[in-house]
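Notes for the one structure printed next.
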Amino acid sequence: MHDDRSLVEARLRRVLDERIRPAVYPESVPLQVAVWHAPGEPVPVAEGLAAEPEPIEVGARWGAPWGTSWFRVTGTVPEAWAGRTVEALLDLGFDENMPGFQCEGLVYRPDGTPVKGLNPRNQWVRVGAPVAGGEEVRLHIEAASNPVVLDYRPFLPTRLGDKETAGSEPQYTLARMDLAVFDETVWQLVADLEVLGELMAELPDDAQRRWQILRAVERALDAVDLQDVNGTAGRARSCLTDVLAAPAVPSAHRISAVGHAHIDSAWLWPLRETVRKVARTASNMTALLEDEPEFVFAMSQAQQWVWIKEHRPEVWARVKKAVADGRFVPAGGMWVESDTNMPGSEAMARQFVHGKRFFLDEFGIENDEAWLPDTFGFAAGLPQIIRAAGSTRLLTQKISWSRTNKFPHHTFWWEGVDGTRIFTHFPPVDTYNCSMKGGEIAHAARNFREKGAARHSLAPTGWGDGGGGTTREMVAKAARLRDLEGSARVEWETPSAFFDKAEAEYPDAPVWVGELYLELHRATLTSQAGTKQGNRRSEHLLREAELWAATAAVRTGFPYPYEELDRIWKTVLLHQFHDILPGSSIAWVHREARATYERVAAELENVIGAAQRALAGSGTSELVFNAAPHSRASVPAGGAGAAVTEGATRLAARPDGGYVLDNDVLRAEIDARGLVVSVYDHAADRETVAPGRAANLLQLHPDFPNMWDAWDVDEFYRNTVTDLTDAEVVEAGQDGASVRIVRSFGASRVTQVLSLPAGERRLVLDTEVDWHEREKFLKLAFPLDVHAERYASETQFGHVHRPTHTNTSWEAAKFEACNHRFVHVAEPGWGVAVVNDSTYGHDVTRQVRTEGDRGTTTTVRVSLLRAPRFPDPETDQGVHRFRHALVPGADIGDAVREGWRINVPERRLTGAAAEVAPLVTVDEDAVVVTAVKLADDGSGDVVVRFHEAHGGRARATLTAGFEVAGAQVTDLLERPLPDAAAPRLDDGRHIAVRLRPFELTTLRLRRG
């Protein structure tokens, strides 16, 4: 029997490949083709249609990297084909890879109406069904010659990732350009045989159903005349009727298929190309919706919808109609499918604010789910943000990529740092590019972890990453799998319909507490330092711009820049996409990102400067503006006042070389190597640096991961390390209160300035690296005399604790993790914070000391720079500047405060005012205000967002610096929460606040 089965399966493969599939198009005639190559960037559609093309033959080379060519294809349907279905077959030179990673096209009619996109799995355009014969065919193709960056030999350095370095060599050979008869009976036979053959392969050897299918397939193949496939296809199909009609068992797993095309907003292509990718995919999906009445398609990322609206109005009209019909579904409610580890608190909130508001304004639709199939792990602050935006659910499949531990659930409740829970689903199909193959469907059913308690899962179905979407072949397979014995049952459904069913059947699903850590792609926390710094600085500049503009608007009538801030927020949110901010895109993307961040910074500095000048007035008195959420000396949070400096810092030479800095709070010793060998806390009478160790230690590792260069750092990188202890220069700084250190290694050079500000509990490290290494990883180490089994690192609206030990594989896998502004390690009563202005990746480890000292050392290492060569061969080459601070004697509140201090420096301005009173104050340091702004609706109301930041209960009074006529608790979109009690307003200005640990609250204050 085994030999029989193998023979039939081999026979099926060959007959399908060599006879039946080719017979789908039994007759064809060539089309005439002409081409016009756009001289630079893509041109408007009207210009491309009007251009005068030159003849080109099939077999000719075309398409410089990243170029655009407009093909015109013309022909006449033969009279003999009357009554038959005819399609144009337009092969631009595709290979058999996934769509989206090579050349693509969008087909237009002569009047500019878009027809559909072209890609390797979608090369046809329907001409008529049936045709009358004699019809004139004229189509235009806007073809993008995007180069293959991720080839069969991935991870090799390539210059194709930037138009400036890609050259002009043609990339493609024009292939088939024909009119052809489409034989639907043969096409349906292909679908029948593929579904049954794939199902048969997944069934156990001894299963009766497997042998029923095998014999039916054998009979169908016998019925096909290989010299007359078209004449005998119907006969072959009749042999399969019974096995295709056998219904699934009642207990069969149920799959909600959601049409999908996960389109990366940038990755191995620039942003401008994604604009066109989205239009191609949307054209295909609206056309497929018209042909397939049961099909449903969902698209996330409001930014991509905006691109269609702004750049392809004809496609937008079709999309709007399909949305109104309930079949083209907005999903996710975010501006883009962003990274969720690195975006700051407000930025993560604004992803939902701007995304949900777009779908509400355009369609009156509010998403209940976050849709993040490909994001590289999920921060523990996200559940509260999703809830605060009015959503309750999350979908992703990326955790299935973890390399060490298999996640124990597919459907569960995810609990965040504040206790908020959201209903979460990981599709067990383990892909966001499901193509309805039998192996995928069987894997989903076998893999589903909730068997016996639930039986519903979701399958995002369609080609993604570079676009393409669902194909008619996938729809045909899904139709056969709707109720088929031996298979899971498949039904097209919207995301909300799936979640309704899944939650109804499994309300008591298990709970997972804390971050959803991806055991892969850990290096995305460090790659492309310039992009990450641009993001961090943009986030804080936006905070300042909103704060000072709102303050000036209330105090002086300053015109609040609603439109400008809205536009800039959307630009920053776009660049938090999960292949831009993580540093995993081509060189072109990051080159443009750096320029964009420079432009954003200049625009925001103008807003900040104008608002502060309006507040300060004209004069010569110096004002210090403090945008941080904590007071500094005499300057209140969110206000301005006169600067007061107390104390001084003394600098002395060490007998053995190096220097001592002392400000009567801390004493720091820097040795002749430029290493920090002591940081002594005077008040606590305690040393910070571990005995026999040195901080400010730069460490260099080789960094050549097994795969995914820009994405991954593998644990074995730690096996080899070089401590950079040789210093060329260790000298007193020019200010007399700092130490300057210069050291070289490889082709690179580091200059550092270490300073101890007067009266402050922090040693500041300013590091400039002129980086020219390849495939190396640079870390900055702080070995601390602290015995800690766990440490805290900041995340959105709070912090998470991670173990410092590796007791289990789950802890060991977190050898590189994310923090925002601080990492904090502590023993009861005393701790140390390491704060930063722009880095995210880090590791924290424990080391046993010598036999004479039984204590342990806790080492915090900051990840500074990498040098992967794919997809950007010049990743991070050049000059970078970082600021860090070591804060001994810090509790968690100090860590929060110092993290803000280093990211939001004070600003000095001369003016007439002696002070600027804050618009809002809070009398409790644990309550941190993350945003002060005017309401987005232009009403003039003041919106204040704050959270408990220390991890405990908090009671505070929020005081407005203006008369308040009314106060409301709102969601992130500034809409009143119907179940929230109205805040008690005392004296028209004071509001009592009670918060649970890490609780996030938004208040809307109506001005009196």
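As shown in the structure tokens, the chain order sets the letters A, B, ...; within each chain, residues go from 1, and ligands are also counted from 1 in the order they appear.
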Using the chain letters and numbers from this document, which residues of segment 16-69 of chain A does DSSP assign to strand (DSSP E or B), as a list in words?
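The strand (DSSP E or B) subset of segment 16-69 of chain A is Ser28, Val29, Pro30, Gln32, Val33, Ala34, Val35, Trp36, His37, Glu54, Pro55, Arg61, Trp62, Gly67, Thr68 and Ser69 of chain A.
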Taking 4 positions as the minimum chain separation for residues in the same chain, which residues sit within 8 Å of segment 788-803 of chain A when counting only C-alpha atoms? Answer as a ChimeraX atom specification.
/A:341,343-346,348,379-382,417,514-515,811,818-827,844,858,947-951,998-1000
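When only C-alpha atoms are used to measure the gap to Cys239 of chain A, the shortest distance among A:Arg897, A:Arg219, A:Lys933, A:Arg254 belongs to A:Arg219.
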For Tyr172 of chain A, find every residue with an atom within 7 Å (counting only C-alpha atoms), except residues of its own chain fewer than 3 positions away, and show them as an mmCIF file with C-alpha atoms, in the first residue's frame.
```cif
data_model
loop_
_atom_site.group_PDB
_atom_site.id
_atom_site.type_symbol
_atom_site.label_atom_id
_atom_site.label_comp_id
_atom_site.auth_asym_id
_atom_site.auth_seq_id
_atom_site.Cartn_x
_atom_site.Cartn_y
_atom_site.Cartn_z
ATOM 1 C CA ARG A 61 16.043 43.453 -20.639
ATOM 2 C CA TRP A 62 14.381 46.347 -18.842
ATOM 3 C CA GLY A 63 14.290 48.207 -15.563
ATOM 4 C CA GLY A 93 9.962 38.808 -15.712
#
```
Excluding Ala965 of chain A and its own-chain neighbours fewer than 5 positions away, which residues fall within 8 Å of it when counting only C-alpha atoms? Please give them as a PDB file with C-alpha atoms, in the first residue's frame.
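What ended up in out.pdb:
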```
ATOM      1  CA  GLY A 988     -12.170  75.674  40.337  1.00  0.00           C
ATOM      2  CA  LEU A1005     -10.248  70.326  31.554  1.00  0.00           C
ATOM      3  CA  ARG A1006     -12.720  72.864  30.251  1.00  0.00           C
ATOM      4  CA  ARG A1007     -11.424  76.372  30.749  1.00  0.00           C
ATOM      5  CA  GLY A1008     -13.576  78.771  32.735  1.00  0.00           C
TER       6      GLY A1008
END
```
Considering only C-alpha atoms, return as a list of chain:residue names whatever protein or nucleic-acid residues lie within 7 Å of Ala82 of chain A, sequence-local ones (same chain, fewer than 5 positions apart) excluded.
A:Val131, A:Ala132, A:Gly133
Store the residues picked out above in a file with C-alpha atoms, as a compact mmCIF listing (two decimals), in the first residue's frame.
```
# COMPACT_ATOMS: atom_id res chain seq x y z
CA VAL A 131 -15.80 37.65 -25.36
CA ALA A 132 -17.60 38.43 -28.60
CA GLY A 133 -14.41 38.16 -30.63
```
When you look at segment 13-17 of chain A with a cut-off of 9 Å (counting only C-alpha atoms), what residues show up, excluding the ones that are within fewer than 3 positions of it in the same chain? I need them as number ranges by chain.
A: 8-10, 20-22, 190, 193-194, 197, 221, 226
Per-residue nearest contacts of segment 654-687 of chain A to segment 777-787 of chain A (12 Å; only C-alpha atoms) as CSV:
```
residue,atom,partner,partner_atom,distance
A:Leu675,CA,A:Phe782,CA,10.2
A:Val676,CA,A:Phe782,CA,8.9
A:Val677,CA,A:Pro783,CA,9.9
A:Ser678,CA,A:Leu784,CA,10.1
A:Val679,CA,A:Leu784,CA,9.9
A:Tyr680,CA,A:Asp785,CA,11.0
A:Arg686,CA,A:Asp785,CA,9.2
A:Glu687,CA,A:Asp785,CA,7.0
```
Excluding segment 145-162 of chain A and any residue of its chain fewer than 4 positions from it, enumerate the residues within 8 Å of it, using only C-alpha atoms, and give them as a list in words.
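So the residues in contact are Gly63, Ala64, Pro65, Trp66, Gly67, Thr68, Ser69, Phe101, Gln102, Cys103, Glu104, Ala166, Gly167, Gln171, Tyr172, Leu268, Trp269, Ile586, Ala587, Trp588, Met707, Trp708, Asp709, Arg869, Phe870, Pro871, Asp872 and Pro873 of chain A.
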State, in Å with one decimal place, the distance from atom CA of Gln123 of chain A to atom CA of Thr241 of chain A.
29.4 Å
Measuring atom to atom with only C-alpha atoms, identify which of A:Gly468, A:Pro170, A:Pro691, A:Gly231 is nearest to Pro26 of chain A.
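Nearest to Pro26 of chain A: A:Gly231.
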Write down as an MDAnalysis selection string the residues of segment 120-239 of chain A whose backbone DSSP state falls under alpha helix (DSSP H).
chainID A and resid 184:202 208:223 229:238
Output for the residues just chosen: C-alpha atoms as an mmCIF file, in the first residue's frame:
```cif
data_model
loop_
_atom_site.group_PDB
_atom_site.id
_atom_site.type_symbol
_atom_site.label_atom_id
_atom_site.label_comp_id
_atom_site.auth_asym_id
_atom_site.auth_seq_id
_atom_site.Cartn_x
_atom_site.Cartn_y
_atom_site.Cartn_z
ATOM 1 C CA GLU A 184 -12.220 27.530 -15.991
ATOM 2 C CA THR A 185 -12.990 23.813 -15.850
ATOM 3 C CA VAL A 186 -9.292 22.967 -15.938
ATOM 4 C CA TRP A 187 -8.582 25.710 -13.412
ATOM 5 C CA GLN A 188 -11.190 24.239 -11.070
ATOM 6 C CA LEU A 189 -9.678 20.779 -11.556
ATOM 7 C CA VAL A 190 -6.319 22.156 -10.472
ATOM 8 C CA ALA A 191 -7.910 23.473 -7.280
ATOM 9 C CA ASP A 192 -9.667 20.146 -6.658
ATOM 10 C CA LEU A 193 -6.479 18.136 -7.044
ATOM 11 C CA GLU A 194 -4.317 20.535 -5.052
ATOM 12 C CA VAL A 195 -6.701 20.551 -2.090
ATOM 13 C CA LEU A 196 -7.129 16.781 -2.073
ATOM 14 C CA GLY A 197 -3.454 16.058 -2.667
ATOM 15 C CA GLU A 198 -2.366 18.394 0.118
ATOM 16 C CA LEU A 199 -4.981 17.021 2.502
ATOM 17 C CA MET A 200 -4.011 13.454 1.687
ATOM 18 C CA ALA A 201 -0.387 14.209 2.553
ATOM 19 C CA GLU A 202 -1.384 15.430 6.031
ATOM 20 C CA GLN A 208 -9.340 5.396 5.902
ATOM 21 C CA ARG A 209 -9.969 8.938 4.659
ATOM 22 C CA ARG A 210 -6.463 9.155 3.210
ATOM 23 C CA TRP A 211 -7.001 6.065 1.099
ATOM 24 C CA GLN A 212 -10.435 7.222 -0.030
ATOM 25 C CA ILE A 213 -8.871 10.402 -1.358
ATOM 26 C CA LEU A 214 -5.973 8.538 -2.933
ATOM 27 C CA ARG A 215 -8.247 6.207 -4.869
ATOM 28 C CA ALA A 216 -10.446 9.095 -6.014
ATOM 29 C CA VAL A 217 -7.387 11.047 -7.198
ATOM 30 C CA GLU A 218 -6.165 7.946 -8.993
ATOM 31 C CA ARG A 219 -9.501 7.616 -10.790
ATOM 32 C CA ALA A 220 -9.433 11.305 -11.743
ATOM 33 C CA LEU A 221 -5.949 11.009 -13.192
ATOM 34 C CA ASP A 222 -7.047 7.953 -15.145
ATOM 35 C CA ALA A 223 -9.941 10.004 -16.530
ATOM 36 C CA VAL A 229 -6.788 17.767 -20.927
ATOM 37 C CA ASN A 230 -9.308 20.454 -21.808
ATOM 38 C CA GLY A 231 -11.728 17.963 -23.284
ATOM 39 C CA THR A 232 -11.538 15.563 -20.332
ATOM 40 C CA ALA A 233 -11.167 17.882 -17.323
ATOM 41 C CA GLY A 234 -14.895 17.785 -16.571
ATOM 42 C CA ARG A 235 -14.837 13.998 -16.558
ATOM 43 C CA ALA A 236 -11.902 14.043 -14.138
ATOM 44 C CA ARG A 237 -13.673 16.460 -11.824
ATOM 45 C CA SER A 238 -16.706 14.184 -11.617
#
```
Just give me the gap between atom CA of Ser400 of chain A and atom CA of Trp810 of chain A in Å, one decimal is fine.
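Atom CA of Ser400 of chain A sits 14.4 Å away from atom CA of Trp810 of chain A.
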Counting only C-alpha atoms, which of A:Ala454, A:Ala926, A:Val713, A:Val429 gets nearest to Ala523 of chain A?
A:Val713
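Of note, atom CA of Arg632 of chain A and atom CA of Arg984 of chain A are spaced 29.3 Å apart.
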Each residue of segment 579-646 of chain A with at least one atom at most 7 Å from segment 913-921 of chain A should appear once, together with its nearest atom pair and the corresponding distance in Å (one decimal); atoms considered: only C-alpha atoms; ordering: chain, then increasing residue number; output as a tab-separated table.
```
residue	atom	partner	partner_atom	distance
A:Leu615	CA	A:Val916	CA	6.9
A:Ala616	CA	A:Ala913	CA	5.2
A:Gly617	CA	A:Ala913	CA	6.4
A:Leu623	CA	A:Glu915	CA	6.9
A:Ala637	CA	A:Pro918	CA	6.9
A:Gly638	CA	A:Pro918	CA	5.0
A:Gly639	CA	A:Pro918	CA	4.3
A:Ala640	CA	A:Val916	CA	4.7
A:Gly641	CA	A:Glu915	CA	4.4
```
